[in-house]
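Chemist: entry-v1.txt is reproduced in full below (compact mmCIF, C-alpha atoms and all ligand atoms).
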```
# COMPACT_ATOMS: atom_id res chain seq x y z
CA MET T 1 169.19 -49.55 42.85
CA SER T 2 170.43 -51.89 45.54
CA GLY T 3 168.54 -55.03 46.42
CA SER T 4 167.69 -53.83 49.93
CA THR T 5 165.56 -50.89 48.73
CA SER T 6 163.77 -52.87 46.05
CA VAL T 7 160.05 -53.33 46.40
CA ILE T 8 159.72 -55.42 43.25
CA GLN T 9 162.53 -57.15 41.40
CA THR T 10 162.22 -59.41 38.39
CA GLU T 11 165.00 -61.30 36.66
CA SER T 12 164.53 -62.59 33.09
CA LEU T 13 160.85 -63.12 33.92
CA THR T 14 159.03 -64.99 31.17
CA LYS T 15 155.44 -66.17 30.90
CA ARG T 16 154.39 -68.25 27.94
CA TYR T 17 150.77 -69.09 27.21
CA PRO T 18 150.11 -71.67 24.49
CA ARG T 19 149.61 -69.04 21.81
CA VAL T 20 151.46 -66.03 23.11
CA THR T 21 154.48 -64.99 25.19
CA ALA T 22 153.00 -62.48 27.63
CA LEU T 23 156.31 -61.67 29.39
CA ASP T 24 159.57 -62.06 27.55
CA GLY T 25 162.73 -61.97 29.69
CA LEU T 26 161.63 -59.00 31.79
CA THR T 27 164.28 -57.70 34.20
CA VAL T 28 163.23 -54.70 36.24
CA ASP T 29 163.94 -53.26 39.68
CA ILE T 30 161.31 -51.06 41.33
CA GLY T 31 161.88 -49.04 44.50
CA PRO T 32 159.50 -47.44 47.03
CA GLY T 33 157.06 -44.69 46.00
CA VAL T 34 154.51 -44.60 43.20
CA THR T 35 155.50 -46.44 40.04
CA GLY T 36 153.49 -46.31 36.85
CA LEU T 37 153.53 -49.46 34.72
CA VAL T 38 152.63 -48.39 31.22
CA GLY T 39 151.92 -50.55 28.21
CA ALA T 40 149.37 -51.04 25.45
CA ASN T 41 146.59 -53.60 25.86
CA GLY T 42 148.19 -57.03 25.85
CA ALA T 43 151.65 -55.73 26.83
CA GLY T 44 151.71 -58.08 29.83
CA LYS T 45 150.80 -55.78 32.74
CA SER T 46 148.10 -57.98 34.31
CA THR T 47 150.22 -61.08 33.81
CA LEU T 48 153.10 -59.44 35.68
CA ILE T 49 150.80 -58.50 38.59
CA LYS T 50 149.43 -62.06 38.86
CA ILE T 51 152.95 -63.49 38.97
CA LEU T 52 154.02 -60.92 41.59
CA LEU T 53 151.09 -61.97 43.79
CA GLY T 54 152.02 -65.62 43.43
CA LEU T 55 148.71 -66.30 41.66
CA ALA T 56 150.29 -67.51 38.40
CA PRO T 57 153.56 -69.38 37.89
CA ALA T 58 156.28 -67.96 35.64
CA SER T 59 157.56 -70.11 32.74
CA ALA T 60 161.14 -68.96 33.44
CA GLY T 61 163.03 -66.40 35.46
CA SER T 62 162.14 -65.11 38.92
CA ALA T 63 160.29 -62.36 40.75
CA ARG T 64 160.73 -60.99 44.28
CA VAL T 65 158.23 -58.78 46.08
CA LEU T 66 159.27 -57.09 49.36
CA GLY T 67 162.23 -59.44 49.34
CA LYS T 68 160.11 -62.59 49.04
CA ASP T 69 160.12 -65.07 46.18
CA ALA T 70 156.79 -64.84 44.32
CA ALA T 71 156.86 -68.51 43.27
CA ALA T 72 157.45 -69.90 46.78
CA GLU T 73 156.08 -67.28 49.17
CA GLY T 74 152.86 -66.07 47.51
CA ARG T 75 150.82 -66.28 50.71
CA ALA T 76 153.33 -64.20 52.71
CA ILE T 77 153.43 -61.67 49.87
CA ARG T 78 149.64 -61.39 49.74
CA GLU T 79 149.54 -60.63 53.48
CA GLN T 80 151.62 -57.51 52.85
CA VAL T 81 150.37 -56.53 49.42
CA GLY T 82 146.98 -55.14 48.36
CA TYR T 83 145.55 -55.89 44.91
CA MET T 84 142.96 -54.00 42.92
CA PRO T 85 141.94 -56.16 39.95
CA GLU T 86 141.12 -54.67 36.58
CA HIS T 87 137.67 -56.10 36.01
CA ASP T 88 134.46 -55.71 37.95
CA CYS T 89 134.49 -58.34 40.66
CA LEU T 90 132.17 -56.89 43.28
CA PRO T 91 129.09 -58.69 44.63
CA PRO T 92 126.03 -56.52 43.81
CA ASP T 93 123.90 -57.48 46.81
CA VAL T 94 126.12 -56.45 49.70
CA SER T 95 127.14 -52.98 50.87
CA ALA T 96 130.64 -51.56 50.55
CA THR T 97 131.05 -51.80 54.31
CA GLU T 98 130.09 -55.50 54.44
CA PHE T 99 132.33 -56.32 51.47
CA VAL T 100 135.42 -54.49 52.72
CA VAL T 101 135.01 -55.90 56.25
CA HIS T 102 134.79 -59.37 54.68
CA MET T 103 137.97 -58.78 52.67
CA GLY T 104 139.73 -57.52 55.81
CA ARG T 105 138.69 -60.66 57.69
CA MET T 106 139.93 -62.79 54.75
CA SER T 107 143.31 -61.08 55.12
CA GLY T 108 143.45 -62.17 58.74
CA LEU T 109 142.26 -59.05 60.58
CA PRO T 110 140.25 -59.65 63.78
CA SER T 111 136.60 -58.53 63.60
CA THR T 112 136.96 -55.18 65.43
CA ALA T 113 140.12 -54.21 63.56
CA ALA T 114 138.44 -55.12 60.24
CA ARG T 115 135.50 -52.81 61.06
CA GLU T 116 137.77 -49.95 62.11
CA ARG T 117 140.06 -50.29 59.09
CA THR T 118 137.02 -50.52 56.79
CA ALA T 119 135.64 -47.22 58.11
CA ASP T 120 139.07 -45.59 57.66
CA THR T 121 139.69 -46.84 54.15
CA LEU T 122 136.17 -46.07 52.90
CA ARG T 123 136.58 -42.55 54.29
CA HIS T 124 139.96 -42.29 52.55
CA VAL T 125 138.43 -43.19 49.17
CA GLY T 126 135.55 -40.75 49.73
CA LEU T 127 132.61 -43.11 50.35
CA TYR T 128 130.43 -41.91 53.22
CA GLU T 129 126.65 -42.55 53.65
CA GLU T 130 126.60 -44.59 50.44
CA ARG T 131 128.75 -47.23 52.09
CA TYR T 132 125.69 -48.88 53.63
CA ARG T 133 123.85 -49.27 50.30
CA PRO T 134 124.19 -52.35 48.03
CA ILE T 135 127.13 -52.07 45.60
CA GLY T 136 124.87 -53.03 42.65
CA GLY T 137 123.46 -49.48 42.65
CA TYR T 138 126.87 -47.76 42.60
CA SER T 139 128.34 -45.75 39.72
CA THR T 140 131.53 -47.00 38.04
CA GLY T 141 133.55 -44.44 39.99
CA MET T 142 132.11 -45.64 43.32
CA LYS T 143 132.81 -49.28 42.42
CA GLN T 144 136.42 -48.40 41.60
CA ARG T 145 136.70 -46.76 45.02
CA VAL T 146 135.38 -49.88 46.76
CA LYS T 147 137.95 -51.95 44.86
CA LEU T 148 140.64 -49.54 46.01
CA ALA T 149 139.42 -49.65 49.63
CA GLN T 150 139.52 -53.46 49.78
CA ALA T 151 143.12 -53.34 48.51
CA LEU T 152 144.05 -51.08 51.44
CA VAL T 153 142.02 -52.58 54.28
CA HIS T 154 144.73 -54.86 55.70
CA ASP T 155 147.27 -52.01 55.86
CA PRO T 156 149.61 -53.37 53.19
CA ARG T 157 153.15 -52.13 52.48
CA LEU T 158 152.54 -52.22 48.74
CA VAL T 159 149.44 -52.08 46.53
CA LEU T 160 149.18 -53.31 42.94
CA LEU T 161 146.47 -51.39 41.08
CA ASP T 162 145.44 -52.78 37.68
CA GLU T 163 144.00 -50.05 35.45
CA PRO T 164 142.22 -48.20 38.27
CA THR T 165 141.04 -45.39 35.98
CA ASN T 166 139.34 -47.72 33.50
CA GLY T 167 135.82 -46.63 32.64
CA LEU T 168 136.05 -43.30 34.48
CA ASP T 169 135.26 -39.89 32.98
CA PRO T 170 138.01 -37.21 33.08
CA ALA T 171 136.91 -35.83 36.47
CA GLY T 172 136.69 -39.34 37.91
CA ARG T 173 140.15 -40.13 36.57
CA ASP T 174 141.65 -37.06 38.21
CA GLU T 175 140.03 -37.93 41.54
CA MET T 176 141.26 -41.53 41.36
CA LEU T 177 144.79 -40.42 40.45
CA GLY T 178 144.75 -37.99 43.39
CA LEU T 179 143.66 -40.78 45.74
CA ILE T 180 146.43 -43.02 44.43
CA ARG T 181 149.05 -40.35 45.00
CA ARG T 182 147.80 -39.92 48.59
CA ILE T 183 148.10 -43.65 49.30
CA HIS T 184 151.81 -43.01 49.23
CA THR T 185 152.03 -39.50 50.67
CA ASP T 186 149.53 -40.06 53.53
CA PHE T 187 150.26 -43.68 54.43
CA GLY T 188 153.74 -44.36 53.05
CA ILE T 189 152.45 -47.34 51.08
CA SER T 190 154.27 -48.08 47.82
CA VAL T 191 152.12 -48.28 44.72
CA LEU T 192 152.43 -50.02 41.36
CA VAL T 193 149.69 -48.67 39.12
CA THR T 194 149.09 -49.80 35.54
CA SER T 195 147.64 -47.86 32.65
CA HIS T 196 147.62 -48.01 28.88
CA LEU T 197 147.52 -44.19 28.87
CA LEU T 198 151.01 -42.81 29.17
CA GLY T 199 149.97 -39.25 29.91
CA GLU T 200 147.85 -39.90 32.97
CA LEU T 201 150.63 -41.48 35.02
CA GLU T 202 153.16 -38.68 34.61
CA ARG T 203 151.62 -36.52 37.35
CA THR T 204 150.99 -39.43 39.67
CA SER T 205 154.14 -41.51 39.49
CA ASP T 206 157.67 -40.99 40.78
CA HIS T 207 158.93 -43.63 38.41
CA ILE T 208 157.68 -45.01 35.12
CA VAL T 209 158.22 -48.49 33.71
CA VAL T 210 157.16 -49.05 30.12
CA ILE T 211 156.67 -52.54 28.73
CA ASP T 212 155.81 -53.59 25.22
CA GLY T 213 155.21 -57.14 24.05
CA GLY T 214 156.31 -58.41 27.48
CA LYS T 215 159.70 -56.69 27.17
CA LEU T 216 161.11 -53.74 29.09
CA LEU T 217 161.15 -50.62 26.96
CA ARG T 218 162.17 -48.12 29.62
CA SER T 219 162.43 -47.72 33.42
CA GLN T 220 163.16 -44.24 34.66
CA ALA T 221 162.34 -41.58 37.27
CA THR T 222 159.45 -39.51 35.91
CA ALA T 223 161.22 -36.19 36.48
CA SER T 224 164.49 -37.21 34.88
CA PHE T 225 163.24 -37.46 31.34
CA THR T 226 160.61 -34.74 31.36
CA GLU T 227 163.16 -32.28 32.79
CA ALA T 228 165.89 -33.46 30.50
CA THR T 229 163.76 -32.63 27.51
CA ALA T 230 162.32 -29.29 28.69
CA SER T 231 162.67 -26.25 26.48
CA LEU T 232 161.96 -22.55 26.89
CA ALA T 233 159.74 -20.85 24.32
CA VAL T 234 160.42 -17.11 23.89
CA GLU T 235 158.44 -14.70 21.75
CA VAL T 236 159.54 -11.09 21.24
CA THR T 237 158.26 -8.04 19.34
CA ASP T 238 159.98 -6.48 16.32
CA THR T 239 161.29 -2.90 16.63
CA GLU T 240 162.50 -0.30 14.12
CA ALA T 241 166.09 -1.06 15.05
CA HIS T 242 165.43 -4.80 14.79
CA PRO T 243 162.67 -5.46 12.22
CA HIS T 244 163.21 -9.20 12.80
CA GLY T 245 163.31 -9.25 16.57
CA ALA T 246 163.40 -13.03 16.89
CA GLU T 247 166.36 -13.31 14.51
CA ALA T 248 168.26 -10.56 16.37
CA LEU T 249 167.64 -12.39 19.63
CA ARG T 250 168.68 -15.71 18.06
CA ALA T 251 172.02 -14.19 17.03
CA ALA T 252 172.58 -12.65 20.47
CA LEU T 253 171.73 -15.86 22.33
CA THR T 254 173.77 -18.05 20.04
CA GLY T 255 176.68 -15.67 20.65
CA ALA T 256 176.12 -16.14 24.38
CA GLY T 257 176.42 -19.91 23.96
CA VAL T 258 172.69 -20.77 24.24
CA SER T 259 171.43 -23.64 22.08
CA VAL T 260 168.52 -22.38 19.95
CA ALA T 261 166.41 -24.79 17.89
CA PRO T 262 166.32 -24.02 14.17
CA GLY T 263 163.18 -22.49 12.63
CA GLY T 264 160.30 -21.40 14.82
CA GLY T 265 159.45 -17.99 13.20
CA HIS T 266 158.56 -15.52 15.93
CA VAL T 267 158.95 -18.09 18.70
CA LEU T 268 162.43 -19.24 19.64
CA LEU T 269 162.79 -22.63 21.30
CA LEU T 270 165.76 -22.73 23.65
CA ASP T 271 167.32 -25.75 25.27
CA LEU T 272 166.59 -25.27 29.00
CA ALA T 273 169.85 -26.57 30.43
CA ASP T 274 169.56 -24.69 33.76
CA ASP T 275 167.77 -21.76 35.41
CA SER T 276 170.47 -19.21 34.50
CA LEU T 277 168.95 -19.24 31.00
CA TYR T 278 166.11 -16.96 32.20
CA ASP T 279 168.61 -14.22 33.16
CA THR T 280 170.57 -14.61 29.93
CA VAL T 281 167.40 -14.24 27.86
CA ARG T 282 166.11 -11.27 29.87
CA ASP T 283 169.47 -9.46 29.53
CA ALA T 284 169.71 -10.14 25.78
CA ILE T 285 166.17 -8.81 25.21
CA ALA T 286 166.93 -5.68 27.27
CA ASP T 287 170.20 -5.02 25.39
CA LEU T 288 168.41 -5.25 22.04
CA GLY T 289 165.52 -3.09 23.26
CA LEU T 290 162.93 -5.70 22.21
CA GLY T 291 159.57 -6.27 23.87
CA LEU T 292 158.92 -9.63 25.50
CA VAL T 293 155.57 -11.13 24.48
CA ARG T 294 155.92 -14.37 26.43
CA MET T 295 158.45 -16.76 27.87
CA GLU T 296 157.23 -20.18 28.91
CA GLN T 297 158.68 -23.53 29.80
CA ARG T 298 157.56 -26.42 27.63
CA ARG T 299 157.92 -29.89 28.93
CA HIS T 300 157.64 -32.77 26.55
CA ARG T 301 154.78 -35.06 27.42
CA ILE T 302 155.92 -38.49 28.48
CA ALA T 303 153.95 -39.89 25.57
CA GLU T 304 156.14 -38.03 23.07
CA VAL T 305 159.32 -39.06 24.83
CA PHE T 306 158.37 -42.71 24.65
CA GLU T 307 157.28 -42.43 21.03
CA GLU T 308 160.84 -41.28 20.31
CA ALA T 309 162.26 -44.14 22.37
CA ARG T 310 160.36 -46.86 20.53
CA PRO T 311 162.60 -49.04 18.40
N1 LIG A 401 145.15 -66.95 30.91
C1 LIG A 401 145.62 -66.66 29.69
N2 LIG A 401 145.70 -67.59 28.72
C2 LIG A 401 146.18 -67.31 27.50
N3 LIG A 401 146.64 -66.08 27.13
C3 LIG A 401 146.59 -65.10 28.05
C4 LIG A 401 146.08 -65.33 29.37
N4 LIG A 401 146.16 -64.16 30.05
C5 LIG A 401 146.69 -63.25 29.22
N5 LIG A 401 146.95 -63.82 28.02
C6 LIG A 401 147.56 -63.13 26.86
O1 LIG A 401 148.81 -62.62 27.27
C7 LIG A 401 149.04 -61.32 26.72
C8 LIG A 401 149.26 -60.32 27.83
O2 LIG A 401 148.04 -60.13 28.54
P1 LIG A 401 147.88 -59.20 29.81
O3 LIG A 401 146.47 -59.31 30.29
O4 LIG A 401 148.96 -59.47 30.77
O5 LIG A 401 148.13 -57.77 29.18
P2 LIG A 401 147.82 -56.35 29.76
O6 LIG A 401 148.99 -55.51 29.47
O7 LIG A 401 147.37 -56.43 31.17
O8 LIG A 401 146.62 -55.87 28.86
P3 LIG A 401 145.11 -55.55 29.26
O9 LIG A 401 145.12 -54.17 29.76
O10 LIG A 401 144.39 -55.68 27.94
O11 LIG A 401 144.70 -56.58 30.28
C9 LIG A 401 147.83 -61.02 25.85
O12 LIG A 401 148.17 -61.37 24.52
C10 LIG A 401 146.76 -61.93 26.40
O13 LIG A 401 145.86 -62.28 25.38
```
Before we go any further, please render this structure as structure tokens.
Modeler:
Amino acid sequence: MSGSTSVIQTESLTKRYPRVTALDGLTVDIGPGVTGLVGANGAGKSTLIKILLGLAPASAGSARVLGKDAAAEGRAIREQVGYMPEHDCLPPDVSATEFVVHMGRMSGLPSTAARERTADTLRHVGLYEERYRPIGGYSTGMKQRVKLAQALVHDPRLVLLDEPTNGLDPAGRDEMLGLIRRIHTDFGISVLVTSHLLGELERTSDHIVVIDGGKLLRSQATASFTEATASLAVEVTDTEAHPHGAEALRAALTGAGVSVAPGGGHVLLLDLADDSLYDTVRDAIADLGLGLVRMEQRRHRIAEVFEEARP
């Protein structure tokens, strides 16, 4: 990726605390779109976000956000970047509207613009009449939405979302992930979203960065590794002519140059190299006179792929 399309770039970024090295020579280049930053608790995700915002100094190395140096130009970065912190940080006594207007004003918006943008962003996150009630009475899901709205109020080019699905039930998670996806599709804002759950970011993110112990484990387009590892599962019936239908099909497909995984009993697992495989399989089944029970594409979950990638 060339420097001009980078949204976030780090070079040998290191952060040492007295007892622990939170980031350890991290070099990564992140482009526009939605990027998932995945890592176990303590992997260094929050530390990276704080350095990117210019809120914490690095011990060594450098970081650039939207082309600006995080160490020297933190204020300019924060004008163009929204931040949703991980922990609850909302004042209980004020309403969502008052809070988000206040945050908009803090970011330099004039009063009228802050009110208009607040109404827009609260509508975007799905808070309507409740927005005039004190935040203290909100559910966890509503509080997460207020945190998301305040990150968007000043119309940033990039938002950094630290564990936005934390504490949400499965339905709440899905809604939040949908909202995050729309931040990019509806407004063109780039997103860096962190999670310790690998699976939940695979539908939301264009690109996944995995860190472990402050080191880069992997940085890759989401589609490129799930597609690369897809397979086609085929199950056929036995017939009198072919009492072991699956084995007859295995022989025919192997003869046709298809890579078939060993074992599998009645279900054959085929390496899905390209879409012509569907025709090859259909023709082979027809030639043998077998019945097709099912044919389905199986994509490896990102979680499995990364388990394999771990050193
Ligand atoms: N201010 C600090 N002082 C000392 N150690 C810290 C500080 N902040 C973070 N750490 C340590 O640095 C490591 C990385 O923490 P960090 O919060 O960046 O991880 P994380 O991936 O965001 O995990 P989590 O989801 O649990 O916040 C951890 O071992 C943590 O204990």
Chemist: Produce as a PyMOL selection string the set of residues near ligand LIG 401 (chain A), where near means within 7 Å with only C-alpha atoms and all ligand atoms considered.
Modeler: chain T and resi 17-22+39-48+196
Chemist: In Å to one decimal, how far is CA of Pro170 in chain T from CA of Val100 in chain T?
Modeler: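 Distance reported for this atom pair: 26.3 Å.
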Chemist: Give me the residues within 10 Å of range 137-141 of chain T as a list in words, counting all atoms listed in the file and dropping any in the same chain fewer than 4 places off.
Modeler: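 Counting only the stated atoms, we get Asp88, Pro92, Asp93, Ser95, Ala96, Glu130, Arg131, Arg133, Arg145, Val146, Lys147, Pro164, Thr165, Asn166, Gly167, Leu168, Asp169, Ala171, Gly172, Arg173, Glu175 and Met176 of chain T.
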Chemist: Save out the residues we just selected, C-alpha atoms, as a JSON list (two decimals), in the coordinates of the input.
Modeler:
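Okay, this is what ended up in result27.json:
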```json
[["chain", "number", "residue", "atom", "x", "y", "z"],
["T", 88, "ASP", "CA", 134.46, -55.71, 37.95],
["T", 92, "PRO", "CA", 126.03, -56.52, 43.81],
["T", 93, "ASP", "CA", 123.90, -57.48, 46.81],
["T", 95, "SER", "CA", 127.14, -52.98, 50.87],
["T", 96, "ALA", "CA", 130.64, -51.56, 50.55],
["T", 130, "GLU", "CA", 126.60, -44.59, 50.44],
["T", 131, "ARG", "CA", 128.75, -47.23, 52.09],
["T", 133, "ARG", "CA", 123.85, -49.27, 50.30],
["T", 145, "ARG", "CA", 136.70, -46.76, 45.02],
["T", 146, "VAL", "CA", 135.38, -49.88, 46.76],
["T", 147, "LYS", "CA", 137.95, -51.95, 44.86],
["T", 164, "PRO", "CA", 142.22, -48.20, 38.27],
["T", 165, "THR", "CA", 141.04, -45.39, 35.98],
["T", 166, "ASN", "CA", 139.34, -47.72, 33.50],
["T", 167, "GLY", "CA", 135.82, -46.63, 32.64],
["T", 168, "LEU", "CA", 136.05, -43.30, 34.48],
["T", 169, "ASP", "CA", 135.26, -39.89, 32.98],
["T", 171, "ALA", "CA", 136.91, -35.83, 36.47],
["T", 172, "GLY", "CA", 136.69, -39.34, 37.91],
["T", 173, "ARG", "CA", 140.15, -40.13, 36.57],
["T", 175, "GLU", "CA", 140.03, -37.93, 41.54],
["T", 176, "MET", "CA", 141.26, -41.53, 41.36]]
```
Chemist: Find the distance between CA of Lys15 in chain T and CA of Ala60 in chain T and write it in Å to one decimal.
Modeler: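 Computing the Euclidean distance for CA of Lys15 in chain T and CA of Ala60 in chain T yields 6.8 Å.
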Chemist: Point out the residue among T:Ala251, T:Ile135, T:Leu23, T:Val234 with the least atom-to-atom distance to Cys89 in chain T, counting only C-alpha atoms.
Modeler: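 For Cys89 in chain T, the nearest of the given residues is T:Ile135.
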Chemist: Set the distance at 6 Å and use all atoms listed in the file: which residues neighbour Gly25 in chain T once local chain neighbours fewer than 3 positions away are removed? I'd like the list as a list in words.
Modeler: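 Skipping anything fewer than 3 positions along the chain leaves Ser12, Leu13 and Thr14 of chain T.
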Chemist: For a quick check of your reading of the model, name the residues lying within 8 Å of the coordinate (140.4, -53.2, 52.3), counting all atoms listed in the file, and write them as a list in words.
Modeler: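 Collected hits near the coordinates: Gly82, Val100, Val101, Met103, Gly104, Arg117, Thr118, Thr121, Lys147, Leu148, Ala149, Gln150, Ala151, Leu152, Val153, His154 and Asp155 of chain T.
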Chemist: Give me, please, the distance in Å between CA of Thr10 in chain T and CA of Gly213 in chain T, quoted to one decimal.
Modeler: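 CA of Gly213 in chain T lies 16.1 Å from CA of Thr10 in chain T.
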Chemist: Could you work out an axis-aligned box for range 195-208 of chain T, taking every atom the file lists and adding 6 Å on each side, and report centre and edge lengths in Å to one decimal, as JSON?
Modeler:
```
{"center_x": 153.2, "center_y": -42.3, "center_z": 34.8, "size_x": 23.4, "size_y": 23.5, "size_z": 23.9}
```
Chemist: For Asp206 in chain T, which residue among T:Thr254, T:Gly31, T:Ile189, T:Ser6 is the nearest when counting all atoms listed in the file?
Modeler: T:Gly31
Chemist: Which residues come within 10 Å of Leu269 in chain T, counting only C-alpha atoms, excluding same-chain residues fewer than 3 positions away, as a ChimeraX atom specification?
Modeler: /T:230-235,250,259-266,272,295-298
Chemist: Which residue, T:Glu98, T:Thr280, T:Val293, T:Arg75, has the smallest gap to Ser111 in chain T when you use only C-alpha atoms?
Modeler: T:Glu98
Chemist: Of the residues T:Leu55, T:Leu288, T:Glu163, T:Arg115, which is the one nearest to Pro243 in chain T, using all atoms listed in the file?
Modeler: T:Leu288
Chemist: Extract, using only C-alpha atoms, all DNA, RNA and protein residues at most 10 Å from Val159 in chain T, discarding same-chain residues fewer than 2 positions from it, and format them as a PyMOL selection string.
Modeler: chain T and resi 34+78+80-84+148+151-152+155-157+161-162+180+183-184+189-193
Chemist: Given only C-alpha atoms as the basis, pick out the residue of T:Leu53, T:Thr204, T:Ala248, T:Ser107 nearest to Lys68 in chain T.
Modeler: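 Checking each of T:Leu53, T:Thr204, T:Ala248, T:Ser107 against Lys68 in chain T, counting only C-alpha atoms, the winner is T:Leu53.
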Chemist: Quick one: everything within 10 Å of His242 in chain T, counting all atoms listed in the file, minus sequence neighbours fewer than 4 positions away in the same chain. Send it as a PyMOL selection string.
Modeler: chain T and resi 237-238+246-249+288-290
Chemist: When distances are computed from only C-alpha atoms, which of T:Thr97, T:Thr185, T:Thr194, T:Ser224 shows the smallest separation from Ala119 in chain T?
Modeler: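 Nearest to Ala119 in chain T: T:Thr97.
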